[in-house]
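Reviewing the structure listed below.
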Amino acid sequence: MDRSFVLAIHAGAGTIATTETRTAPFHEALICALQAGEVRLRDGASALDAVEAAVVALEDCPLFNAGRGSVYTRDQTHEMDAAIMDGASLRAGAIAGVSDVRNPVCLARHVLEASGAVLLCGAGARKFADERGIAREEAAYFRSEYRLAQLRILQRGGTRAMALDHSVFETAPLDENQKYGTVGAVALDRSGNLAAAVSTGGMTNKRPGRVGDSPIVGAGIYANNETCAISSTGSGEQFIRAVVAHDIHARMKYAGATLQHASREAVFGNLAALGGEGGLVAIDRHGNVAMPFNTRGMYRGLVRDGAEARTYIHE
């Protein structure tokens with residue numbers, strides 16, 4: 001029996017800017033990403049196809065810190081991470097530290113399906129991308145004067161500090177100097193299968209080689225048909241230490257918690273206790289959705305079968 005589908009996305013969490021803001025371009029970009037995944041779910045495609053399509057749309061948008069909009073490392077390079085997970089089989093694919101892949105989430109999907117591995121990084125991921133014919137781009141595709149300007153500000157005086165996200169426009173609805181910029185999606189398809197995907201450019205002025213929670217199964221991403229699908233955005237080191245995504249699954253499976261309770265406890269409990277900030281989107285096997293965050297805002301959106309897509313930024 002076919003079920004109703006559900007798709008939820010996120011594109012960064014952080015502090016709301018105090019100046020006058022212009023939210024329309026961000027809502028439009030989130031709607032486009034929701035539509036990219038929704039059309040696949042409506043046509044009977046898998047949750048895995050839907051989350052990949054939604055994240056590709058977010059990676060192609062320069063407003064968000066993933067793919068084309070990725071931030072700069074300390075050495076003025078790009079190092080991107082991504083992951084995707086299938087709740088039906090528990091197969092996962094992830095990549096870390098890639099520099100010229102147009103859509104890192106697509107490479108992660110190939111890792112899931114054809115590599116025999118879960119996580120590939122650096123030169124190994126690049127070689128695999130060549131083998132699979134993954135679309136590449138020159139450095140100019142990822143170049144942004146806004147991101148470079150923020151990097152230079154951080155590097156004044158020889159600082160080693162990392163910024164939570166990139167600078168996009170002064171009119172951004174979230175304070176771009178205090179925002180985490182991972183993008184991601186979770187979906188439940190008509191067959192009752194769950195999937196999750198996530199992609200990020202990391203943190204401005206990060207040490208080359210630094211990897212956050214996004215490509216770590218159980219930290220920034222998890223999907224299991226028994227319980228839920230999770231995609232996170234936030235302070236990566238704390239998400240790893242709290243194993244946030246798997247913690248939600250475990251609370252549901254072993255303690256019988258609801259999705260809402262488990263996700264809030266993970267974000268406002270274990271994560272916050274470690275000083276972690278951020279949020280996540282989650283869907284359970286019944287189609288319930290949770291989108292908790294402990295920052296003052298999070299780019300996010302939701303679409304259900306037969307309903308209008310909705311997007312949100314503030315609480």
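Here, A, B, ... name the chains of the structure tokens in the order displayed, residue numbers run from 1 inside each chain, and ligands are numbered from 1 in the same displayed order.
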
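All residues of protein, DNA or RNA that reach within 7 Å of A:Lys206, judged by only C-alpha atoms and not counting those fewer than 3 positions away in the chain, are Thr73, Arg74, Met162, Met203 and Arg210 of chain A.
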
Env of stretch 106-123 of chain A: 6 Å cut, atoms = only C-alpha atoms, seq-sep filter 2 positions within chain, self excluded. Answer as a PyMOL selection string. chain A and resi 83+92-98+103-104+125-126

Can you pull out the residues contacting stretch 230-240 of chain A? Cut-off 8 Å, using only C-alpha atoms, and skip same-chain residues under 6 positions away; I want them as a PyMOL selection string. chain A and resi 10-13+164+180-186+196-198+212-214+216+219-223+271+274-283

File dump, residues just selected, N, CA and C atoms, as an mmCIF file, in the first residue's frame:
```cif
data_model
loop_
_atom_site.group_PDB
_atom_site.id
_atom_site.type_symbol
_atom_site.label_atom_id
_atom_site.label_comp_id
_atom_site.auth_asym_id
_atom_site.auth_seq_id
_atom_site.Cartn_x
_atom_site.Cartn_y
_atom_site.Cartn_z
ATOM 1 N N HIS A 10 17.035 21.499 5.658
ATOM 2 C CA HIS A 10 17.626 22.598 6.429
ATOM 3 C C HIS A 10 18.797 23.172 5.639
ATOM 4 N N ALA A 11 19.168 24.410 5.970
ATOM 5 C CA ALA A 11 20.274 25.050 5.255
ATOM 6 C C ALA A 11 21.070 25.987 6.147
ATOM 7 N N GLY A 12 21.167 25.646 7.437
ATOM 8 C CA GLY A 12 21.985 26.438 8.341
ATOM 9 C C GLY A 12 21.205 26.961 9.529
ATOM 10 N N ALA A 13 21.861 27.037 10.678
ATOM 11 C CA ALA A 13 21.245 27.545 11.900
ATOM 12 C C ALA A 13 22.170 28.570 12.531
ATOM 13 N N LEU A 164 31.757 30.556 12.131
ATOM 14 C CA LEU A 164 30.732 29.547 12.035
ATOM 15 C C LEU A 164 30.142 29.438 10.641
ATOM 16 N N TYR A 180 25.819 28.525 11.349
ATOM 17 C CA TYR A 180 26.361 27.249 10.886
ATOM 18 C C TYR A 180 25.748 26.947 9.525
ATOM 19 N N GLY A 181 26.567 26.509 8.580
ATOM 20 C CA GLY A 181 26.088 26.471 7.213
ATOM 21 C C GLY A 181 25.930 25.142 6.537
ATOM 22 N N THR A 182 25.705 24.081 7.235
ATOM 23 C CA THR A 182 25.455 22.802 6.596
ATOM 24 C C THR A 182 24.058 22.783 5.975
ATOM 25 N N VAL A 183 23.888 22.065 4.856
ATOM 26 C CA VAL A 183 22.569 21.863 4.272
ATOM 27 C C VAL A 183 22.234 20.377 4.327
ATOM 28 N N GLY A 184 20.943 20.060 4.327
ATOM 29 C CA GLY A 184 20.584 18.649 4.393
ATOM 30 C C GLY A 184 19.106 18.410 4.150
ATOM 31 N N ALA A 185 18.752 17.131 4.051
ATOM 32 C CA ALA A 185 17.362 16.756 3.801
ATOM 33 C C ALA A 185 17.072 15.381 4.382
ATOM 34 N N VAL A 186 15.810 15.160 4.745
ATOM 35 C CA VAL A 186 15.317 13.848 5.171
ATOM 36 C C VAL A 186 13.995 13.613 4.474
ATOM 37 N N ALA A 196 18.326 10.074 4.443
ATOM 38 C CA ALA A 196 18.864 11.358 4.893
ATOM 39 C C ALA A 196 20.082 11.712 4.060
ATOM 40 N N ALA A 197 20.326 13.013 3.910
ATOM 41 C CA ALA A 197 21.515 13.496 3.204
ATOM 42 C C ALA A 197 21.973 14.795 3.841
ATOM 43 N N VAL A 198 23.262 15.093 3.685
ATOM 44 C CA VAL A 198 23.841 16.295 4.276
ATOM 45 C C VAL A 198 25.063 16.706 3.459
ATOM 46 N N GLY A 212 34.132 17.867 10.037
ATOM 47 C CA GLY A 212 33.113 17.962 11.078
ATOM 48 C C GLY A 212 32.218 16.745 11.122
ATOM 49 N N ASP A 213 30.976 16.948 11.561
ATOM 50 C CA ASP A 213 30.071 15.824 11.776
ATOM 51 C C ASP A 213 29.344 15.357 10.527
ATOM 52 N N SER A 214 29.312 16.187 9.488
ATOM 53 C CA SER A 214 28.464 15.881 8.333
ATOM 54 C C SER A 214 28.713 14.510 7.715
ATOM 55 N N ILE A 216 29.997 11.916 9.133
ATOM 56 C CA ILE A 216 30.125 10.897 10.172
ATOM 57 C C ILE A 216 28.753 10.292 10.473
ATOM 58 N N ALA A 219 26.552 10.830 13.748
ATOM 59 C CA ALA A 219 26.782 12.157 14.328
ATOM 60 C C ALA A 219 25.924 13.195 13.624
ATOM 61 N N GLY A 220 26.260 13.489 12.350
ATOM 62 C CA GLY A 220 25.497 14.477 11.612
ATOM 63 C C GLY A 220 24.388 13.895 10.770
ATOM 64 N N ILE A 221 24.378 12.582 10.612
ATOM 65 C CA ILE A 221 23.395 11.948 9.743
ATOM 66 C C ILE A 221 23.090 10.535 10.227
ATOM 67 N N TYR A 222 21.826 10.124 10.058
ATOM 68 C CA TYR A 222 21.459 8.741 10.334
ATOM 69 C C TYR A 222 20.082 8.492 9.737
ATOM 70 N N ALA A 223 19.858 7.263 9.255
ATOM 71 C CA ALA A 223 18.544 6.878 8.743
ATOM 72 C C ALA A 223 18.336 5.400 8.990
ATOM 73 N N LEU A 271 23.670 17.688 23.506
ATOM 74 C CA LEU A 271 24.437 18.626 22.683
ATOM 75 C C LEU A 271 24.717 19.918 23.437
ATOM 76 N N LEU A 274 27.411 19.966 26.108
ATOM 77 C CA LEU A 274 28.791 20.028 25.607
ATOM 78 C C LEU A 274 29.144 21.389 25.027
ATOM 79 N N GLY A 275 28.205 22.321 25.109
ATOM 80 C CA GLY A 275 28.431 23.644 24.535
ATOM 81 C C GLY A 275 28.137 23.699 23.054
ATOM 82 N N GLY A 276 27.451 22.678 22.534
ATOM 83 C CA GLY A 276 27.150 22.610 21.112
ATOM 84 C C GLY A 276 25.936 23.425 20.727
ATOM 85 N N GLU A 277 25.986 24.003 19.528
ATOM 86 C CA GLU A 277 24.879 24.787 19.008
ATOM 87 C C GLU A 277 24.500 24.282 17.622
ATOM 88 N N GLY A 278 23.235 24.429 17.287
ATOM 89 C CA GLY A 278 22.772 24.028 15.972
ATOM 90 C C GLY A 278 21.389 23.438 16.026
ATOM 91 N N GLY A 279 21.080 22.632 15.019
ATOM 92 C CA GLY A 279 19.758 22.026 14.952
ATOM 93 C C GLY A 279 19.741 20.883 13.963
ATOM 94 N N LEU A 280 18.536 20.407 13.662
ATOM 95 C CA LEU A 280 18.407 19.261 12.764
ATOM 96 C C LEU A 280 16.988 19.187 12.239
ATOM 97 N N VAL A 281 16.824 18.408 11.173
ATOM 98 C CA VAL A 281 15.498 18.039 10.701
ATOM 99 C C VAL A 281 15.395 16.530 10.791
ATOM 100 N N ALA A 282 14.210 16.040 11.142
ATOM 101 C CA ALA A 282 14.022 14.606 11.364
ATOM 102 C C ALA A 282 12.616 14.185 10.957
ATOM 103 N N ILE A 283 12.506 12.976 10.421
ATOM 104 C CA ILE A 283 11.218 12.365 10.088
ATOM 105 C C ILE A 283 11.208 10.949 10.651
#
```

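For the set A:Ala129, A:Leu48, A:Ala262, A:Ile134, the residue with the smallest atom-to-atom gap to A:Ala245 is A:Ala262, counting only C-alpha atoms.
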
Which distance in Å separates atom CA of A:Asp49 and atom CA of A:Ala24, to one decimal? 27.2 Å

Proximity to A:Ile248 - best of A:Pro25, A:Gly201, A:Gly133, A:Gly218, only C-alpha atoms: A:Gly218

Stretch 96-288 of chain A: residues DSSP assigns to helix (DSSP H, G or I), reported as number ranges by chain: A: 104-114, 122-132, 139-142, 145-158, 236-242, 244-255, 259-273

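The closest residue to A:Thr204, picked from A:Ala29, A:Leu58, A:Val71, A:Val303 and counting only C-alpha atoms, is A:Val71.
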
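The smallest atom-to-atom distance between A:Pro173 and any of A:Ser4, A:Thr258, A:Thr23, A:Asn65, using only C-alpha atoms, is found for A:Thr23.
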
Could you tell me how far atom CA of A:Asp100 sits from atom CA of A:Asn205, in Å to one decimal place? 18.0 Å

Write out as an NGL selection string which residues come within 7 Å of A:Ser70 when counting only C-alpha atoms, dropping same-chain ones fewer than 6 positions away. :A and (78 or 142 or 200-201)

DSSP strand (DSSP E) residues within stretch 193-257 of chain A, as an mmCIF file with C-alpha atoms, in the first residue's frame:
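Produced file selection_0.cif, reproduced below:
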```cif
data_model
loop_
_atom_site.group_PDB
_atom_site.id
_atom_site.type_symbol
_atom_site.label_atom_id
_atom_site.label_comp_id
_atom_site.auth_asym_id
_atom_site.auth_seq_id
_atom_site.Cartn_x
_atom_site.Cartn_y
_atom_site.Cartn_z
ATOM 1 C CA LEU A 194 13.437 6.725 5.033
ATOM 2 C CA ALA A 195 16.625 8.475 3.862
ATOM 3 C CA ALA A 196 18.864 11.358 4.893
ATOM 4 C CA ALA A 197 21.515 13.496 3.204
ATOM 5 C CA VAL A 198 23.841 16.295 4.276
ATOM 6 C CA SER A 199 26.489 18.517 2.654
ATOM 7 C CA THR A 200 28.781 21.307 3.869
ATOM 8 C CA ILE A 221 23.395 11.948 9.743
ATOM 9 C CA TYR A 222 21.459 8.741 10.334
ATOM 10 C CA ALA A 223 18.544 6.878 8.743
ATOM 11 C CA CYS A 228 13.751 7.864 11.870
ATOM 12 C CA ALA A 229 15.967 9.839 9.488
ATOM 13 C CA ILE A 230 18.139 12.705 10.794
ATOM 14 C CA SER A 231 20.166 15.470 9.091
ATOM 15 C CA SER A 232 22.022 17.986 11.274
ATOM 16 C CA THR A 233 23.639 21.423 11.129
ATOM 17 C CA GLY A 234 25.778 22.988 13.835
#
```
